[in-house]
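Asks: So that you have it, the file is model-v3.csv, and it contains CSV, C-alpha atoms:
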chain,number,residue,atom,x,y,z
A,1,MET,CA,0.0,0.0,0.0
A,2,ASN,CA,1.5,3.3,-0.9
A,3,PHE,CA,0.9,6.6,0.7
A,4,GLU,CA,-1.8,7.7,-1.8
A,5,GLU,CA,-3.8,4.6,-0.9
A,6,TRP,CA,-3.3,5.3,2.8
A,7,ARG,CA,-4.5,8.8,2.2
A,8,THR,CA,-7.9,7.6,1.0
A,9,ALA,CA,-8.1,5.1,3.8
A,10,VAL,CA,-7.6,7.3,6.8
A,11,GLU,CA,-10.0,9.6,8.5
A,12,HIS,CA,-9.2,13.2,7.9
A,13,GLN,CA,-10.8,14.5,11.1
A,14,PRO,CA,-7.9,15.8,13.2
A,15,ASP,CA,-7.3,13.9,16.5
A,16,TYR,CA,-5.9,16.9,18.1
A,17,PHE,CA,-4.4,20.3,17.3
A,18,GLY,CA,-0.8,20.3,18.0
A,19,PRO,CA,1.4,23.3,18.7
A,20,ILE,CA,1.4,26.3,16.3
A,21,GLY,CA,-1.6,25.1,14.5
A,22,GLU,CA,-0.6,21.6,13.5
A,23,ALA,CA,-3.5,19.3,13.0
A,24,VAL,CA,-2.5,15.7,13.7
A,25,VAL,CA,-4.4,12.7,12.5
A,26,ARG,CA,-3.6,9.2,13.7
A,27,SER,CA,-5.6,6.6,12.0
A,28,MET,CA,-5.3,3.0,11.0
A,29,PRO,CA,-5.8,2.2,7.3
A,30,LEU,CA,-8.6,-0.3,7.2
A,31,LYS,CA,-7.0,-2.5,4.5
A,32,GLN,CA,-4.0,-3.1,6.7
A,33,ALA,CA,-6.0,-4.3,9.7
A,34,HIS,CA,-6.8,-7.6,8.0
A,35,VAL,CA,-3.2,-8.6,7.4
A,36,GLY,CA,-2.3,-8.4,11.1
A,37,HIS,CA,-0.9,-5.0,11.4
A,38,GLU,CA,-2.1,-1.7,12.6
A,39,THR,CA,-0.5,1.4,11.2
A,40,SER,CA,-0.5,4.8,12.6
A,41,ILE,CA,-0.5,7.5,9.9
A,42,ILE,CA,0.3,11.0,11.0
A,43,ARG,CA,-0.9,13.7,8.7
A,44,ARG,CA,0.7,17.0,9.5
A,45,SER,CA,-0.7,20.3,8.3
A,46,HIS,CA,0.2,23.8,9.2
A,47,LEU,CA,-2.4,26.5,9.5
A,48,ARG,CA,-1.6,29.5,7.3
A,49,SER,CA,-3.5,32.7,6.9
A,50,ASP,CA,-4.9,31.3,3.7
A,51,GLY,CA,-5.8,27.9,4.9
A,52,TRP,CA,-4.2,24.5,5.8
A,53,GLU,CA,-0.9,23.7,4.2
A,54,PHE,CA,-0.3,20.0,3.9
A,55,LEU,CA,3.2,19.0,5.2
A,56,GLY,CA,3.2,15.3,4.6
A,57,TYR,CA,2.6,11.9,6.1
A,58,GLY,CA,4.5,9.8,8.6
A,59,GLY,CA,3.7,6.4,9.8
A,60,SER,CA,4.6,3.6,12.1
A,61,SER,CA,3.2,0.1,12.5
A,62,SER,CA,3.0,-2.7,15.0
A,63,SER,CA,1.7,-6.2,15.0
A,64,ILE,CA,-1.8,-7.0,16.3
A,65,SER,CA,-4.0,-10.0,16.4
A,66,ASP,CA,-6.1,-10.8,13.3
A,67,ASP,CA,-9.0,-11.3,15.6
A,68,VAL,CA,-9.1,-7.8,16.8
A,69,ASP,CA,-12.0,-5.8,15.4
A,70,ILE,CA,-11.2,-3.2,12.9
A,71,PHE,CA,-11.0,0.3,14.5
A,72,VAL,CA,-10.1,3.7,13.4
A,73,GLY,CA,-7.8,5.7,15.7
A,74,LEU,CA,-5.3,4.6,18.2
A,75,GLU,CA,-5.6,5.0,21.9
A,76,ARG,CA,-2.5,6.6,23.2
A,77,THR,CA,-1.3,6.3,26.8
A,78,GLU,CA,-1.8,10.0,27.4
A,79,ASP,CA,-5.3,10.2,26.0
A,80,ARG,CA,-7.1,9.4,29.2
A,81,LEU,CA,-5.0,11.9,31.1
A,82,ILE,CA,-5.8,14.6,28.6
A,83,SER,CA,-9.5,13.8,28.8
A,84,GLU,CA,-9.4,14.1,32.6
A,85,ILE,CA,-7.6,17.4,32.4
A,86,GLU,CA,-10.1,18.7,29.8
A,87,ASP,CA,-13.0,17.7,32.1
A,88,PHE,CA,-11.8,20.5,34.4
A,89,ARG,CA,-13.4,22.9,32.0
A,90,ASP,CA,-16.8,21.7,33.2
A,91,LEU,CA,-16.2,23.0,36.7
A,92,CYS,CA,-17.5,26.3,38.0
A,93,GLU,CA,-16.2,28.4,40.9
A,94,GLY,CA,-16.8,26.6,44.2
A,95,TRP,CA,-16.1,23.1,42.7
A,96,ASP,CA,-14.6,22.1,46.1
A,97,GLY,CA,-17.8,23.1,48.0
A,98,GLU,CA,-16.0,26.2,49.3
A,99,ASP,CA,-14.4,29.1,47.4
A,100,ALA,CA,-12.2,27.4,44.8
A,101,ALA,CA,-11.7,29.4,41.6
A,102,LYS,CA,-12.9,28.2,38.3
A,103,PRO,CA,-10.1,26.2,36.7
A,104,ASN,CA,-7.9,28.4,34.6
A,105,ALA,CA,-8.4,27.8,30.9
A,106,LYS,CA,-4.9,28.7,29.9
A,107,ALA,CA,-3.5,26.4,32.6
A,108,ILE,CA,-5.7,23.6,31.3
A,109,GLU,CA,-4.4,24.2,27.7
A,110,GLN,CA,-0.8,24.2,28.8
A,111,ALA,CA,-1.2,21.0,30.9
A,112,THR,CA,-2.8,19.3,27.9
A,113,ARG,CA,0.0,20.4,25.6
A,114,PHE,CA,2.5,19.2,28.2
A,115,VAL,CA,1.0,15.8,28.4
A,116,ARG,CA,1.0,15.6,24.6
A,117,ALA,CA,4.6,16.5,24.5
A,118,ALA,CA,5.5,14.1,27.3
A,119,GLY,CA,3.8,11.1,25.7
A,120,GLU,CA,4.8,8.0,27.6
A,121,LEU,CA,6.7,10.1,30.2
A,122,ALA,CA,3.3,11.2,31.5
A,123,ASN,CA,2.0,7.8,32.3
A,124,ARG,CA,2.5,8.1,36.1
A,125,LEU,CA,0.9,11.5,36.3
A,126,GLU,CA,-2.5,12.1,37.8
A,127,PRO,CA,-4.4,15.4,37.3
A,128,GLY,CA,-5.5,17.6,40.2
A,129,LEU,CA,-6.5,21.2,40.9
A,130,HIS,CA,-5.2,23.9,43.1
A,131,VAL,CA,-8.0,25.9,44.6
A,132,ASP,CA,-6.7,28.9,42.8
A,133,GLY,CA,-7.7,27.2,39.5
A,134,SER,CA,-4.2,26.2,38.4
A,135,VAL,CA,-3.6,22.6,37.2
A,136,ILE,CA,-1.4,20.2,39.1
A,137,LEU,CA,-0.1,16.9,37.8
A,138,GLU,CA,1.0,14.7,40.6
A,139,ILE,CA,3.0,11.5,41.0
A,140,GLY,CA,2.4,9.2,44.0
A,141,ASN,CA,-0.5,11.3,45.2
A,142,GLY,CA,1.7,14.4,45.1
A,143,ILE,CA,4.3,13.0,47.5
A,144,GLU,CA,6.9,11.9,44.9
A,145,ALA,CA,6.4,14.9,42.6
A,146,SER,CA,4.1,17.6,41.4
A,147,ILE,CA,4.2,19.9,38.5
A,148,ARG,CA,1.9,22.9,38.3
A,149,PHE,CA,0.6,25.0,35.4
A,150,ILE,CA,-0.6,28.4,36.4
A,151,GLY,CA,-1.2,29.6,32.8
A,152,ASP,CA,1.7,31.8,32.2
A,153,ASP,CA,4.1,29.5,30.2
A,154,ARG,CA,5.8,28.3,33.3
A,155,ILE,CA,5.9,25.0,35.1
A,156,ILE,CA,6.4,25.1,38.9
A,157,TYR,CA,7.8,21.8,40.1
A,158,SER,CA,8.6,20.0,43.3
A,159,ALA,CA,10.0,16.5,43.7
A,160,GLU,CA,11.7,14.3,46.1
A,161,GLY,CA,15.5,14.7,45.9
A,162,ILE,CA,15.3,17.6,43.5
A,163,MET,CA,15.4,21.3,44.4
A,164,PRO,CA,12.0,22.9,43.6
A,165,GLY,CA,12.0,25.3,40.7
A,166,VAL,CA,10.3,27.0,37.9
A,167,SER,CA,10.8,26.1,34.2
A,168,LYS,CA,9.7,27.8,31.0
A,169,PHE,CA,7.4,25.7,28.8
A,170,ASP,CA,7.2,26.4,25.1
A,171,GLY,CA,4.1,24.2,24.6
A,172,ARG,CA,6.0,21.7,22.5
A,173,SER,CA,8.9,20.0,24.3
A,174,VAL,CA,9.4,18.8,27.8
A,175,PRO,CA,12.1,20.8,29.6
A,176,GLU,CA,15.1,18.6,30.6
A,177,VAL,CA,14.6,19.4,34.3
A,178,ILE,CA,11.0,18.2,34.1
A,179,LYS,CA,12.2,14.9,32.7
A,180,LEU,CA,14.2,14.5,35.8
A,181,VAL,CA,11.1,15.3,37.9
A,182,LEU,CA,9.2,12.7,36.0
A,183,GLY,CA,11.8,10.2,37.0
A,184,THR,CA,13.5,9.5,33.7
B,1,MET,CA,1.3,41.6,70.5
B,2,CYS,CA,-2.2,41.9,72.0
B,3,GLY,CA,-5.2,39.8,71.4
B,4,ALA,CA,-7.2,42.7,70.1
B,5,SER,CA,-4.8,43.3,67.2
B,6,CYS,CA,-4.9,39.7,66.2
B,7,ARG,CA,-8.7,39.7,66.3
B,8,ALA,CA,-8.7,42.9,64.2
B,9,THR,CA,-6.5,41.2,61.6
B,10,PHE,CA,-8.8,38.2,61.4
B,11,ALA,CA,-11.9,40.5,61.2
B,12,GLU,CA,-10.2,42.1,58.2
B,13,LEU,CA,-9.6,38.7,56.5
B,14,ASN,CA,-13.3,38.2,56.3
B,15,THR,CA,-13.9,41.3,54.2
B,16,ASP,CA,-14.2,41.3,50.5
B,17,GLU,CA,-11.0,43.1,50.1
B,18,PHE,CA,-9.0,40.1,51.1
B,19,LYS,CA,-11.2,37.4,49.5
B,20,ASN,CA,-9.0,34.7,47.9
B,21,ARG,CA,-5.9,36.1,49.5
B,22,ARG,CA,-6.5,35.6,53.2
B,23,ALA,CA,-3.4,33.6,53.7
B,24,GLU,CA,-1.2,36.2,52.1
B,25,HIS,CA,-2.7,39.1,54.0
B,26,LEU,CA,-2.5,37.3,57.3
B,27,ASP,CA,1.1,36.5,56.9
B,28,GLU,CA,1.9,40.1,55.9
B,29,LYS,CA,0.1,41.5,58.9
B,30,GLN,CA,1.0,38.8,61.5
B,31,PRO,CA,4.1,37.1,60.3
B,32,ASN,CA,5.6,33.9,61.8
B,33,CYS,CA,2.3,32.7,63.2
B,34,ARG,CA,2.5,35.3,66.0
B,35,CYS,CA,-1.2,35.2,66.7
B,36,GLN,CA,-1.2,31.5,67.1
B,37,GLN,CA,-1.1,31.3,70.9
B,38,ARG,CA,-4.1,33.7,71.2
B,39,SER,CA,-7.7,33.3,70.6
B,40,VAL,CA,-8.7,35.1,67.4
B,41,SER,CA,-12.4,34.6,67.5
B,42,GLU,CA,-14.9,35.7,70.1
B,43,PHE,CA,-16.9,32.5,69.4
B,44,SER,CA,-14.0,30.3,70.3
B,45,THR,CA,-13.4,28.4,73.5
B,46,GLY,CA,-9.7,29.3,73.2
B,47,PRO,CA,-6.6,28.9,71.0
B,48,VAL,CA,-6.1,25.5,69.4
B,49,GLU,CA,-3.9,23.4,71.6
B,50,ASN,CA,-1.0,21.5,70.1
B,51,HIS,CA,-2.4,18.2,71.3
B,52,GLU,CA,-5.7,18.6,69.5
B,53,LYS,CA,-6.7,16.6,66.5
B,54,LEU,CA,-8.0,18.5,63.5
B,55,ILE,CA,-10.4,17.1,60.9
B,56,ARG,CA,-10.3,18.1,57.3
B,57,LEU,CA,-13.2,16.9,55.1
B,58,LEU,CA,-12.2,15.6,51.7
B,59,ILE,CA,-14.8,16.1,49.0
B,60,ALA,CA,-13.5,17.1,45.6
B,61,PRO,CA,-12.7,14.2,43.3
B,62,GLN,CA,-9.8,16.3,42.0
B,63,HIS,CA,-8.2,15.8,45.4
B,64,HIS,CA,-8.0,12.0,45.5
B,65,GLY,CA,-6.0,9.6,43.4
B,66,LYS,CA,-7.1,6.5,41.5
B,67,ASN,CA,-6.1,4.5,44.6
B,68,GLY,CA,-8.8,6.3,46.6
B,69,GLN,CA,-6.3,8.1,48.7
B,70,PRO,CA,-6.0,11.9,49.0
B,71,LYS,CA,-3.5,13.9,47.1
B,72,ALA,CA,-1.3,16.7,48.2
B,73,SER,CA,-3.5,19.1,46.3
B,74,ALA,CA,-6.1,18.6,49.0
B,75,LEU,CA,-4.0,21.0,51.1
B,76,THR,CA,-3.9,23.9,48.6
B,77,ASP,CA,-6.5,25.9,50.5
B,78,ALA,CA,-3.9,26.7,53.2
B,79,GLU,CA,-2.0,28.8,50.6
B,80,ARG,CA,-5.0,30.9,49.5
B,81,ASN,CA,-8.0,31.3,51.8
B,82,GLY,CA,-7.2,29.0,54.7
B,83,LEU,CA,-7.7,25.3,55.1
B,84,SER,CA,-10.9,24.8,57.2
B,85,VAL,CA,-10.8,22.1,59.8
B,86,PHE,CA,-12.9,21.0,62.8
B,87,ARG,CA,-11.5,20.6,66.3
B,88,ASP,CA,-12.2,16.9,66.8
B,89,ALA,CA,-12.7,17.1,70.5
B,90,GLN,CA,-15.3,19.8,70.2
B,91,VAL,CA,-17.3,19.1,67.0
B,92,THR,CA,-20.5,17.1,67.2
B,93,ASP,CA,-21.7,14.5,64.7
B,94,GLU,CA,-24.6,16.7,63.9
B,95,LEU,CA,-22.5,19.7,63.0
B,96,ILE,CA,-20.1,17.6,60.9
B,97,LEU,CA,-23.1,16.1,59.0
B,98,CYS,CA,-24.7,19.5,58.5
B,99,VAL,CA,-21.5,21.2,57.2
B,100,ALA,CA,-20.6,18.2,55.0
B,101,SER,CA,-24.0,18.1,53.5
B,102,GLY,CA,-23.8,21.8,52.6
B,103,LEU,CA,-20.3,21.4,51.0
B,104,VAL,CA,-21.3,18.4,49.0
B,105,THR,CA,-24.4,20.0,47.7
B,106,ARG,CA,-22.6,23.1,46.6
B,107,ALA,CA,-19.7,21.1,45.0
B,108,ARG,CA,-22.2,19.0,43.0
B,109,GLU,CA,-24.0,22.1,41.9
B,110,ARG,CA,-20.7,23.6,40.6
B,111,GLN,CA,-20.1,20.6,38.4
B,112,SER,CA,-21.8,21.2,35.1
B,113,ASP,CA,-21.4,17.7,33.7
B,114,PRO,CA,-24.4,15.8,35.2
B,115,ASP,CA,-22.5,12.5,34.9
B,116,LYS,CA,-19.7,13.8,37.0
B,117,LYS,CA,-21.8,15.0,39.9
B,118,ALA,CA,-22.0,11.5,41.3
B,119,GLU,CA,-18.2,11.5,41.6
B,120,VAL,CA,-18.4,14.4,44.1
B,121,GLY,CA,-18.8,13.4,47.8
B,122,VAL,CA,-17.0,12.9,51.0
B,123,PHE,CA,-14.4,10.2,50.4
B,124,GLY,CA,-12.7,10.6,53.8
B,125,VAL,CA,-11.0,12.9,56.1
B,126,LEU,CA,-7.6,13.8,57.3
B,127,ARG,CA,-7.4,13.6,61.1
B,128,MET,CA,-4.2,15.5,61.7
B,129,ASN,CA,-2.3,16.5,64.9
B,130,CYS,CA,-2.2,20.2,65.4
B,131,SER,CA,1.4,19.9,66.5
B,132,THR,CA,2.4,18.1,63.3
B,133,ILE,CA,1.2,21.1,61.3
B,134,ARG,CA,2.6,23.8,63.5
B,135,GLU,CA,6.0,22.1,63.9
B,136,PHE,CA,6.5,21.3,60.2
B,137,ILE,CA,9.6,23.0,58.9
B,138,ARG,CA,10.6,22.4,55.3
B,139,ASN,CA,14.1,21.3,54.6
B,140,SER,CA,16.4,24.3,54.4
B,141,GLU,CA,14.0,26.6,56.1
B,142,LEU,CA,14.3,27.9,59.7
B,143,ARG,CA,10.8,28.6,60.7
B,144,SER,CA,7.4,26.9,60.9
B,145,CYS,CA,5.7,27.0,57.5
B,146,TYR,CA,2.1,26.6,58.7
B,147,CYS,CA,0.0,28.1,61.5
B,148,VAL,CA,-3.3,27.0,63.1
B,149,TYR,CA,-5.9,29.4,64.4
B,150,ASP,CA,-9.2,29.1,66.3
B,151,THR,CA,-11.4,30.8,63.7
B,152,ALA,CA,-14.7,29.8,65.3
B,153,GLN,CA,-17.9,31.0,63.7
B,154,THR,CA,-21.3,31.7,65.4
B,155,ASP,CA,-22.8,28.6,63.8
B,156,ILE,CA,-19.6,26.5,63.8
B,157,PRO,CA,-17.9,27.1,67.1
B,158,SER,CA,-15.4,24.2,66.5
B,159,HIS,CA,-14.1,25.7,63.3
B,160,ALA,CA,-10.4,26.3,63.0
B,161,GLU,CA,-8.1,27.0,60.0
B,162,THR,CA,-4.5,26.3,59.0
B,163,PHE,CA,-2.6,28.8,56.8
B,164,GLN,CA,0.7,28.4,55.0
B,165,CYS,CA,3.0,31.4,55.6
B,166,VAL,CA,3.0,32.6,52.1
B,167,ALA,CA,3.9,36.3,52.1
B,168,PHE,CA,6.9,37.0,49.9
B,169,VAL,CA,7.3,33.3,49.4
B,170,GLU,CA,7.9,32.0,45.9
B,171,GLU,CA,5.4,29.6,44.3
B,172,LYS,CA,8.0,26.8,44.1
B,173,VAL,CA,8.6,26.9,47.8
B,174,ARG,CA,4.9,26.8,48.5
B,175,GLU,CA,4.6,23.8,46.3
B,176,ASP,CA,7.5,22.1,48.0
B,177,ARG,CA,6.1,22.8,51.5
B,178,ARG,CA,2.7,21.3,50.5
B,179,ARG,CA,4.3,18.2,49.1
B,180,GLN,CA,6.5,17.7,52.1
B,181,LEU,CA,3.7,18.3,54.7
B,182,PHE,CA,1.4,16.0,52.9
B,183,ALA,CA,4.0,13.3,53.0
B,184,ILE,CA,3.7,13.5,56.8
B,185,VAL,CA,0.0,13.8,57.2
B,186,ARG,CA,-1.2,11.4,54.6
B,187,SER,CA,-1.1,8.6,57.1
B,188,THR,CA,-3.9,10.3,59.0
B,189,PHE,CA,-6.4,9.6,56.3
B,190,VAL,CA,-9.6,8.0,57.4
B,191,SER,CA,-12.0,6.6,54.8
B,192,VAL,CA,-15.6,7.7,54.9
B,193,ALA,CA,-16.6,4.2,55.9
B,194,ASP,CA,-14.4,4.3,59.0
B,195,PHE,CA,-15.0,7.9,60.1
B,196,ARG,CA,-17.2,8.2,63.2
B,197,ASN,CA,-18.9,4.9,62.5
B,198,GLY,CA,-19.9,5.8,58.9
B,199,LEU,CA,-21.4,9.1,59.9
B,200,LEU,CA,-20.9,10.6,56.4
B,201,ARG,CA,-21.5,7.4,54.4
B,202,ASP,CA,-24.5,8.8,52.7
B,203,LEU,CA,-22.5,11.7,51.4
B,204,ALA,CA,-19.9,9.5,49.8
B,205,PRO,CA,-19.3,9.7,46.0
B,206,LYS,CA,-21.8,7.5,44.1
B,207,GLY,CA,-19.7,7.1,41.0
For this file, write the structure as structure tokens.

Replies:
Amino acid sequence: MNFEEWRTAVEHQPDYFGPIGEAVVRSMPLKQAHVGHETSIIRRSHLRSDGWEFLGYGGSSSSISDDVDIFVGLERTEDRLISEIEDFRDLCEGWDGEDAAKPNAKAIEQATRFVRAAGELANRLEPGLHVDGSVILEIGNGIEASIRFIGDDRIIYSAEGIMPGVSKFDGRSVPEVIKLVLGT
Amino acid sequence: MCGASCRATFAELNTDEFKNRRAEHLDEKQPNCRCQQRSVSEFSTGPVENHEKLIRLLIAPQHHGKNGQPKASALTDAERNGLSVFRDAQVTDELILCVASGLVTRARERQSDPDKKAEVGVFGVLRMNCSTIREFIRNSELRSCYCVYDTAQTDIPSHAETFQCVAFVEEKVREDRRRQLFAIVRSTFVSVADFRNGLLRDLAPKG
């Protein structure tokens, strides 16, 4: 199967919008499923002022059982975490029964971008909220480590055995110090 | 330092001017927990003693982990408006039930996703020693980081609060203090089923 055939096989609805206007689609070409492989196709486009500019396709594949039902889209490790963070948007002021602030939309967006960028590195994180509306991602119920997004392109971190600090976050890549915090 | 001055500071905290920054204003006006040994409320029976146990209700699903245990983020109120607690030896079952019902009702109302309302409820309490909070000093610091005050209210005479000393303190330090204090107090968690013979069982999350 060449890339042109793949193009017709994949869904074109973006799975998510990546940094700087990238729309990323990950889908499995249906024809490939029957031969015991699932293939992830990544279609990258860049949003220009005059519309979407197609950048190209990438792909990776892994073996699966022939018995598995055909599906479109791949569950990534971080998807559930992102979904839980996005759920914070449904909360109003007072979500703790007291005076907690409405979750900060910018903080939610940055935490989401962070998890996307971290991928597998994020698999031990659990989402939580500070009562001021900032988003906290915790490891070990917040005892081992916590990283906090207050919505200003910074990550505040605290972890066992590491001096607490603040790191800039560009929305795309995980800062080196945060990789240490995540235990890598 | 006289008691009247401390009470005046706490009276100020309850005005709109300091809403959502009570901890900061308190630490600016009365640094180093200096009102802690005095009664700051006319409705109180007296200052909170070091030997007292303090009960923190845990309600928000955002504050417990997938293992059902609380997370450090459950202590964040101490950095903003004050972490409300009951004085265990003074609070009655009836009052706990009444306050908890009000908190759960409000928290459920503030969740706009109807499916998620059921996840809101009392999942347990932290039953902490007052001395543990007051004596906590983070690595590399020289002073206590948290204070406890007898902020009794007319209808909740057993109400007290703990505040982190946050004035002129960087966010990273606040974060680290919370994480380290929680590592100490997490063992005081009591599940809703075990707390006061299941007093709050009907208010537990249904999800």

Asks: Counting all atoms listed in the file, which residues of chain B come no farther than 7 Å from chain A, as a PyMOL selection string?

Replies: chain B and resi 59-60+62-63+65+70-73+76-77+103-104+106-107+110-113+172-173+175-176+179-180+182-183

Asks: Find, counting all atoms listed in the file, the residue in B:Lys29, B:Arg21, B:Arg38, B:Arg201 that gets nearest to Arg80 (chain B).

Replies: B:Arg21

Asks: What does the distance between CA of Thr151 (chain B) and CA of Glu17 (chain B) come to in Å, to one decimal place?

Replies: 18.3 Å

Asks: Of the candidates A:Gly183, A:Ile82, A:Asp170, A:Asp152, which shows the shortest atom-to-atom distance to Ala111 (chain A), using only C-alpha atoms?

Replies: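 Among the listed residues, A:Ile82 lies closest to Ala111 (chain A).
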
Asks: Could you jot down the CA of Thr162 (chain B) to CA of Leu26 (chain B) separation for me, Å, one decimal place?

Replies: 11.3 Å

Asks: Please provide as a PyMOL selection string all residues within 9 Å of Asp153 (chain A), with the sequence filter that same-chain residues fewer than 6 positions apart are discarded (counting only C-alpha atoms).

Replies: chain A and resi 107+110+167-171

Asks: Could you check how far CA of Ile156 (chain B) sits from CA of Ile55 (chain B), in Å to one decimal?

Replies: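 Taking CA of Ile156 (chain B) and CA of Ile55 (chain B), their separation equals 13.5 Å.
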
Asks: Could you check which of B:Val148, B:Val185, B:Ile96, B:Ala78 is closest to Glu24 (chain B), using all atoms listed in the file?

Replies: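 Result for the nearest residue to Glu24 (chain B): B:Ala78.
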
Asks: With a distance cut-off of 9 Å and only C-alpha atoms, select the neighbouring residues of Glu86 (chain A), excluding the residue or stretch itself and same-chain residues fewer than 5 positions from it, and output the selection as a ChimeraX atom specification.

Replies: /A:81,108-109,112

Asks: Choose the residue, out of B:Phe43, B:Phe10, B:Phe136, B:Phe189, that has the smallest atom-to-atom separation from Asp27 (chain B); count only C-alpha atoms.

Replies: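 Comparing B:Phe43, B:Phe10, B:Phe136, B:Phe189 against Asp27 (chain B), the winner is B:Phe10.
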
Asks: Write out as a PDB file with C-alpha atoms, in the coordinates of the input each polymer residue whose atoms come within 8 Å of His51 (chain B), counting all atoms listed in the file; drop sequence neighbours fewer than 5 positions from it.

Replies:
ATOM      1  CA  ASN B 129      -2.300  16.500  64.900  1.00  0.00           C
ATOM      2  CA  CYS B 130      -2.200  20.200  65.400  1.00  0.00           C
ATOM      3  CA  SER B 131       1.400  19.900  66.500  1.00  0.00           C
TER       4      SER B 131
END
